[in-house]
Amino acid sequence: MKLATWNVNSLGVRLPQVLAWLALHQPEALCLQETKLTDDKFPHAEFSAAGYAAQWFGQKTYNGVALLTRAPASDVLKNIPGLDDPQARVIAGTVQGVRVIGAYVPNGQSVDSDKFVYKLRWLDALRAWVAQQVTLHPRLVLVGDFNIAPEDRDVFDPVAWAGQVLCTPQERAHFQGLIDTGLHDAFRLFEQPAKSWSWWDYRMLAFRKNQGLRIDHILVSDALRASVASCVIDKLPRKNERPSDHAPVWVELTL
DNA sequence: ATGGCCTTGGTACAAGGA
């Protein structure tokens, strides 16, 4: 079964592209980030017509996440239990015996920003909760826009980006902290092309020049590691008219 | 050519993204 994640940067704008991608790939589950829709505006009827059940959790203008599944998801949770967070950033559900957690990690803006402090605190809470979730649900995937480039090889110009937000040692330590709960970066379980990115700035002709970062990830638990058949960043939607600045990422599990 | 965008709310342009 195929599980996927995509930061769509406004589902209102990107809905046709998401529907086309679902029809083409028919994933068992697709997690969306940055829907930017209040819950009353979520296009659940369109997804239902396309054969997908939806769970969603949004807000006006910013953030917003959704979980689209072919079979209805159970044990759905919205945001991190116990974390007082006004921003809609997490949605979780169980589908076909796999716990799927979709996350939109705060960007952090810049290292000297209050938003960076929020990002690090948020990641602390995520790690603590994911550690519990892995114990409860050994077959687990944590997917989404992590807003962290884990290593220099995930950055088109690591010298220019050194110490910048998305690439700081603190953020990378948090990524490792998530890995240390018993997860594996599915993309790195396989030989991959050099210069593989999941996000390209809209400016500076970044996509045409393939200048990007790999910040969207799929982490799989120990119990699922042997079942991961492939992990792919799908660059094709980035070539659409009016694309998201992020590409979808998917894994194929043979369960 | 060393700079180049996109989205939202709201109706001008500021803020946020990464």
# chains A, B, ... in the order shown; residues from 1 in each chain; ligands from 1
$ closest_atom_pairs --of "chain B" --to "chain A" --cutoff "9 Å" --atoms "only C-alpha atoms (C1' of nucleotides)" --output "tab-separated table"
residue	atom	partner	partner_atom	distance
B:DG3	C1'	A:Met204	CA	7.0
B:DG4	C1'	A:Met204	CA	4.8
B:DC5	C1'	A:Tyr202	CA	4.5
B:DC6	C1'	A:Tyr202	CA	7.0
B:DT7	C1'	A:Ser10	CA	7.4
B:DT8	C1'	A:Thr61	CA	5.6
B:DG9	C1'	A:Thr61	CA	8.2
B:DG16	C1'	A:Gln109	CA	8.4
B:DG17	C1'	A:Asn107	CA	7.6
B:DA18	C1'	A:Asn107	CA	6.9
$ select_by_dssp --residues "range 61-197 of chain A" --states "alpha helix (DSSP H)" --output "PyMOL selection string"
chain A and resi 114-136+158-161+169-179
$ write_last_selection --atoms "N, CA and C atoms" --output "CSV table (one decimal), in the first residue's frame"
chain,number,residue,atom,x,y,z
A,114,ASP,N,10.8,34.6,17.9
A,114,ASP,CA,10.0,33.8,18.9
A,114,ASP,C,9.4,32.6,18.2
A,115,LYS,N,9.2,32.7,16.9
A,115,LYS,CA,8.7,31.5,16.2
A,115,LYS,C,9.7,30.3,16.2
A,116,PHE,N,10.9,30.6,16.3
A,116,PHE,CA,11.9,29.6,16.4
A,116,PHE,C,11.9,28.9,17.7
A,117,VAL,N,11.7,29.7,18.8
A,117,VAL,CA,11.5,29.1,20.1
A,117,VAL,C,10.2,28.2,20.1
A,118,TYR,N,9.2,28.7,19.5
A,118,TYR,CA,7.9,27.9,19.4
A,118,TYR,C,8.2,26.6,18.7
A,119,LYS,N,9.0,26.7,17.6
A,119,LYS,CA,9.3,25.5,16.8
A,119,LYS,C,10.0,24.4,17.6
A,120,LEU,N,11.0,24.8,18.4
A,120,LEU,CA,11.8,23.9,19.2
A,120,LEU,C,10.9,23.3,20.3
A,121,ARG,N,10.1,24.1,20.9
A,121,ARG,CA,9.2,23.6,22.0
A,121,ARG,C,8.2,22.6,21.4
A,122,TRP,N,7.7,23.0,20.2
A,122,TRP,CA,6.7,22.1,19.5
A,122,TRP,C,7.3,20.8,19.2
A,123,LEU,N,8.5,20.8,18.7
A,123,LEU,CA,9.2,19.5,18.4
A,123,LEU,C,9.5,18.7,19.6
A,124,ASP,N,9.7,19.3,20.7
A,124,ASP,CA,9.9,18.6,22.0
A,124,ASP,C,8.6,17.8,22.3
A,125,ALA,N,7.5,18.5,22.2
A,125,ALA,CA,6.1,17.9,22.4
A,125,ALA,C,5.9,16.8,21.4
A,126,LEU,N,6.2,17.0,20.2
A,126,LEU,CA,6.0,16.0,19.1
A,126,LEU,C,6.7,14.7,19.5
A,127,ARG,N,8.0,14.9,19.8
A,127,ARG,CA,8.8,13.7,20.1
A,127,ARG,C,8.3,12.9,21.3
A,128,ALA,N,7.9,13.6,22.4
A,128,ALA,CA,7.3,12.9,23.5
A,128,ALA,C,6.1,12.1,23.2
A,129,TRP,N,5.2,12.8,22.4
A,129,TRP,CA,4.0,12.1,22.0
A,129,TRP,C,4.2,11.0,21.0
A,130,VAL,N,5.1,11.2,20.0
A,130,VAL,CA,5.4,10.1,19.1
A,130,VAL,C,6.0,8.9,19.8
A,131,ALA,N,6.8,9.1,20.8
A,131,ALA,CA,7.4,8.0,21.5
A,131,ALA,C,6.3,7.2,22.2
A,132,GLN,N,5.3,7.8,22.7
A,132,GLN,CA,4.1,7.1,23.3
A,132,GLN,C,3.4,6.4,22.1
A,133,GLN,N,3.1,7.0,21.0
A,133,GLN,CA,2.4,6.5,19.9
A,133,GLN,C,3.0,5.2,19.4
A,134,VAL,N,4.4,5.3,19.3
A,134,VAL,CA,5.1,4.1,18.7
A,134,VAL,C,4.9,2.9,19.6
A,135,THR,N,4.9,3.2,21.0
A,135,THR,CA,4.7,2.1,21.9
A,135,THR,C,3.3,1.5,21.8
A,136,LEU,N,2.3,2.4,21.6
A,136,LEU,CA,0.9,2.0,21.5
A,136,LEU,C,0.6,1.3,20.1
A,158,PRO,N,24.7,24.0,1.0
A,158,PRO,CA,24.8,23.9,2.5
A,158,PRO,C,25.7,24.9,3.1
A,159,VAL,N,26.6,25.5,2.4
A,159,VAL,CA,27.4,26.6,2.9
A,159,VAL,C,26.6,27.8,3.2
A,160,ALA,N,25.8,28.2,2.2
A,160,ALA,CA,25.0,29.4,2.3
A,160,ALA,C,23.9,29.2,3.4
A,161,TRP,N,23.4,28.0,3.5
A,161,TRP,CA,22.3,27.7,4.5
A,161,TRP,C,22.8,27.3,5.9
A,169,PRO,N,21.9,23.2,13.8
A,169,PRO,CA,22.1,22.0,14.6
A,169,PRO,C,21.0,21.7,15.6
A,170,GLN,N,20.3,22.7,16.2
A,170,GLN,CA,19.2,22.4,17.1
A,170,GLN,C,18.1,21.7,16.4
A,171,GLU,N,17.7,22.1,15.2
A,171,GLU,CA,16.6,21.5,14.4
A,171,GLU,C,17.0,20.1,14.0
A,172,ARG,N,18.3,19.9,13.6
A,172,ARG,CA,18.7,18.6,13.2
A,172,ARG,C,18.8,17.7,14.4
A,173,ALA,N,19.1,18.2,15.6
A,173,ALA,CA,19.1,17.3,16.8
A,173,ALA,C,17.6,16.9,17.0
A,174,HIS,N,16.7,17.8,16.8
A,174,HIS,CA,15.3,17.4,17.0
A,174,HIS,C,14.9,16.3,16.0
A,175,PHE,N,15.3,16.4,14.8
A,175,PHE,CA,15.0,15.4,13.8
A,175,PHE,C,15.6,14.0,14.3
A,176,GLN,N,16.8,14.1,14.7
A,176,GLN,CA,17.5,12.9,15.2
A,176,GLN,C,16.7,12.3,16.5
A,177,GLY,N,16.2,13.2,17.3
A,177,GLY,CA,15.4,12.8,18.4
A,177,GLY,C,14.1,12.0,18.0
A,178,LEU,N,13.5,12.5,16.9
A,178,LEU,CA,12.4,11.7,16.4
A,178,LEU,C,12.9,10.3,15.9
A,179,ILE,N,14.0,10.3,15.2
A,179,ILE,CA,14.5,9.0,14.7
A,179,ILE,C,14.8,8.1,15.9
$ select_by_dssp --residues "range 27-205 of chain A" --states "strand (DSSP E or B)" --output "ChimeraX atom specification"
/A:29-33,53-57,65-69,74-78,90-95,98-104,140-145,155,183-185,199-200
$ write_last_selection --atoms "N, CA and C atoms" --output "short mmCIF file (atom, residue, chain, number, x, y, z; two decimals), in the first residue's frame"
data_model
loop_
_atom_site.label_atom_id
_atom_site.label_comp_id
_atom_site.auth_asym_id
_atom_site.auth_seq_id
_atom_site.Cartn_x
_atom_site.Cartn_y
_atom_site.Cartn_z
N ALA A 29 -3.43 6.30 1.77
CA ALA A 29 -3.58 7.50 2.59
C ALA A 29 -2.72 8.62 2.03
N LEU A 30 -3.26 9.83 2.09
CA LEU A 30 -2.50 11.04 1.73
C LEU A 30 -2.72 12.06 2.83
N CYS A 31 -1.61 12.52 3.42
CA CYS A 31 -1.66 13.58 4.42
C CYS A 31 -1.36 14.91 3.74
N LEU A 32 -2.19 15.90 4.02
CA LEU A 32 -2.00 17.24 3.46
C LEU A 32 -1.60 18.21 4.56
N GLN A 33 -0.76 19.16 4.17
CA GLN A 33 -0.41 20.26 5.07
C GLN A 33 -0.66 21.59 4.36
N ALA A 53 -12.25 8.97 1.98
CA ALA A 53 -12.75 9.50 3.24
C ALA A 53 -11.76 10.55 3.71
N ALA A 54 -12.26 11.54 4.43
CA ALA A 54 -11.39 12.63 4.87
C ALA A 54 -11.57 12.90 6.36
N GLN A 55 -10.45 13.25 6.98
CA GLN A 55 -10.46 13.86 8.30
C GLN A 55 -9.71 15.16 8.14
N TRP A 56 -10.18 16.23 8.75
CA TRP A 56 -9.52 17.51 8.53
C TRP A 56 -9.57 18.37 9.78
N PHE A 57 -8.65 19.30 9.81
CA PHE A 57 -8.46 20.15 10.99
C PHE A 57 -7.76 21.41 10.50
N VAL A 65 -4.35 20.86 8.35
CA VAL A 65 -3.90 19.54 7.93
C VAL A 65 -5.11 18.66 7.63
N ALA A 66 -4.86 17.59 6.85
CA ALA A 66 -5.95 16.67 6.53
C ALA A 66 -5.37 15.28 6.32
N LEU A 67 -6.24 14.29 6.51
CA LEU A 67 -5.87 12.89 6.29
C LEU A 67 -6.92 12.28 5.37
N LEU A 68 -6.51 11.96 4.16
CA LEU A 68 -7.40 11.35 3.17
C LEU A 68 -7.08 9.87 3.09
N THR A 69 -8.12 9.02 3.17
CA THR A 69 -7.89 7.57 3.17
C THR A 69 -8.95 6.86 2.35
N SER A 74 -9.54 5.26 11.76
CA SER A 74 -10.07 5.17 13.12
C SER A 74 -9.11 5.86 14.09
N ASP A 75 -9.60 6.05 15.32
CA ASP A 75 -8.79 6.67 16.37
C ASP A 75 -8.14 7.97 15.91
N VAL A 76 -8.98 8.84 15.35
CA VAL A 76 -8.46 10.10 14.81
C VAL A 76 -8.15 11.08 15.95
N LEU A 77 -6.99 11.71 15.85
CA LEU A 77 -6.58 12.74 16.81
C LEU A 77 -6.18 13.99 16.05
N LYS A 78 -6.48 15.13 16.64
CA LYS A 78 -6.10 16.42 16.05
C LYS A 78 -5.23 17.17 17.03
N VAL A 90 -1.41 19.03 13.30
CA VAL A 90 -1.25 17.57 13.35
C VAL A 90 -2.60 16.90 13.16
N ILE A 91 -2.59 15.81 12.39
CA ILE A 91 -3.77 14.94 12.33
C ILE A 91 -3.27 13.50 12.25
N ALA A 92 -3.91 12.63 13.03
CA ALA A 92 -3.48 11.24 13.09
C ALA A 92 -4.68 10.33 12.97
N GLY A 93 -4.46 9.17 12.40
CA GLY A 93 -5.51 8.16 12.31
C GLY A 93 -4.89 6.81 12.00
N THR A 94 -5.68 5.77 12.24
CA THR A 94 -5.21 4.42 11.95
C THR A 94 -5.94 3.91 10.72
N VAL A 95 -5.17 3.41 9.75
CA VAL A 95 -5.75 2.93 8.51
C VAL A 95 -5.05 1.63 8.11
N VAL A 98 -2.17 0.52 10.23
CA VAL A 98 -0.99 1.38 10.34
C VAL A 98 -1.40 2.72 10.96
N ARG A 99 -0.68 3.12 11.98
CA ARG A 99 -0.89 4.43 12.58
C ARG A 99 -0.22 5.47 11.70
N VAL A 100 -0.99 6.42 11.20
CA VAL A 100 -0.47 7.46 10.32
C VAL A 100 -0.58 8.80 11.05
N ILE A 101 0.55 9.45 11.22
CA ILE A 101 0.58 10.77 11.84
C ILE A 101 1.07 11.76 10.79
N GLY A 102 0.23 12.73 10.48
CA GLY A 102 0.60 13.79 9.54
C GLY A 102 0.89 15.06 10.31
N ALA A 103 2.04 15.66 10.05
CA ALA A 103 2.47 16.83 10.83
C ALA A 103 2.92 17.96 9.92
N TYR A 104 2.59 19.17 10.35
CA TYR A 104 3.13 20.37 9.72
C TYR A 104 3.94 21.11 10.78
N LEU A 140 3.81 2.23 12.62
CA LEU A 140 3.52 3.67 12.61
C LEU A 140 4.35 4.37 11.55
N VAL A 141 3.74 5.37 10.91
CA VAL A 141 4.48 6.28 10.04
C VAL A 141 4.21 7.71 10.49
N LEU A 142 5.27 8.48 10.53
CA LEU A 142 5.20 9.92 10.83
C LEU A 142 5.60 10.64 9.55
N VAL A 143 4.65 11.38 8.98
CA VAL A 143 4.89 12.00 7.68
C VAL A 143 4.57 13.48 7.76
N GLY A 144 5.11 14.23 6.81
CA GLY A 144 4.70 15.62 6.69
C GLY A 144 5.81 16.55 6.30
N ASP A 145 5.50 17.84 6.51
CA ASP A 145 6.47 18.91 6.26
C ASP A 145 7.16 19.17 7.59
N VAL A 155 20.46 19.78 1.19
CA VAL A 155 20.46 21.23 0.96
C VAL A 155 21.26 21.53 -0.30
N LEU A 183 12.35 5.29 14.73
CA LEU A 183 11.88 5.54 13.37
C LEU A 183 13.05 5.57 12.39
N HIS A 184 12.73 5.44 11.10
CA HIS A 184 13.73 5.45 10.04
C HIS A 184 13.26 6.38 8.93
N ASP A 185 14.20 7.17 8.42
CA ASP A 185 13.93 8.05 7.28
C ASP A 185 13.79 7.17 6.04
N TRP A 199 11.26 20.60 -1.71
CA TRP A 199 10.75 21.99 -1.74
C TRP A 199 11.73 22.86 -2.53
N TRP A 200 11.16 23.73 -3.35
CA TRP A 200 11.94 24.70 -4.12
C TRP A 200 11.28 26.05 -3.95
#
$ atom_distance --atom1 "CA of Pro72 in chain A" --atom2 "CA of Thr38 in chain A"
21.4 Å
$ residues_around --residues "Ala23 in chain A" --least-positions-apart "5" --cutoff "10 Å" --atoms "only C-alpha atoms (C1' of nucleotides)" --output "list in words"
Gln17, Val18, Ala50 and Gly51 of chain A
$ write_last_selection --atoms "N, CA and C atoms" --output "PDB file, in the first residue's frame"
ATOM      1  N   GLN A  17      -5.386  19.752  -8.458  1.00  0.00           N
ATOM      2  CA  GLN A  17      -4.133  19.004  -8.567  1.00  0.00           C
ATOM      3  C   GLN A  17      -4.113  17.815  -7.609  1.00  0.00           C
ATOM      4  N   VAL A  18      -4.690  18.011  -6.418  1.00  0.00           N
ATOM      5  CA  VAL A  18      -4.728  16.912  -5.453  1.00  0.00           C
ATOM      6  C   VAL A  18      -5.629  15.788  -5.966  1.00  0.00           C
ATOM      7  N   ALA A  50     -14.334  11.199  -5.107  1.00  0.00           N
ATOM      8  CA  ALA A  50     -13.119  10.597  -5.670  1.00  0.00           C
ATOM      9  C   ALA A  50     -12.757   9.287  -4.968  1.00  0.00           C
ATOM     10  N   GLY A  51     -13.589   8.858  -4.007  1.00  0.00           N
ATOM     11  CA  GLY A  51     -13.339   7.585  -3.337  1.00  0.00           C
ATOM     12  C   GLY A  51     -12.504   7.693  -2.078  1.00  0.00           C
TER      13      GLY A  51
END
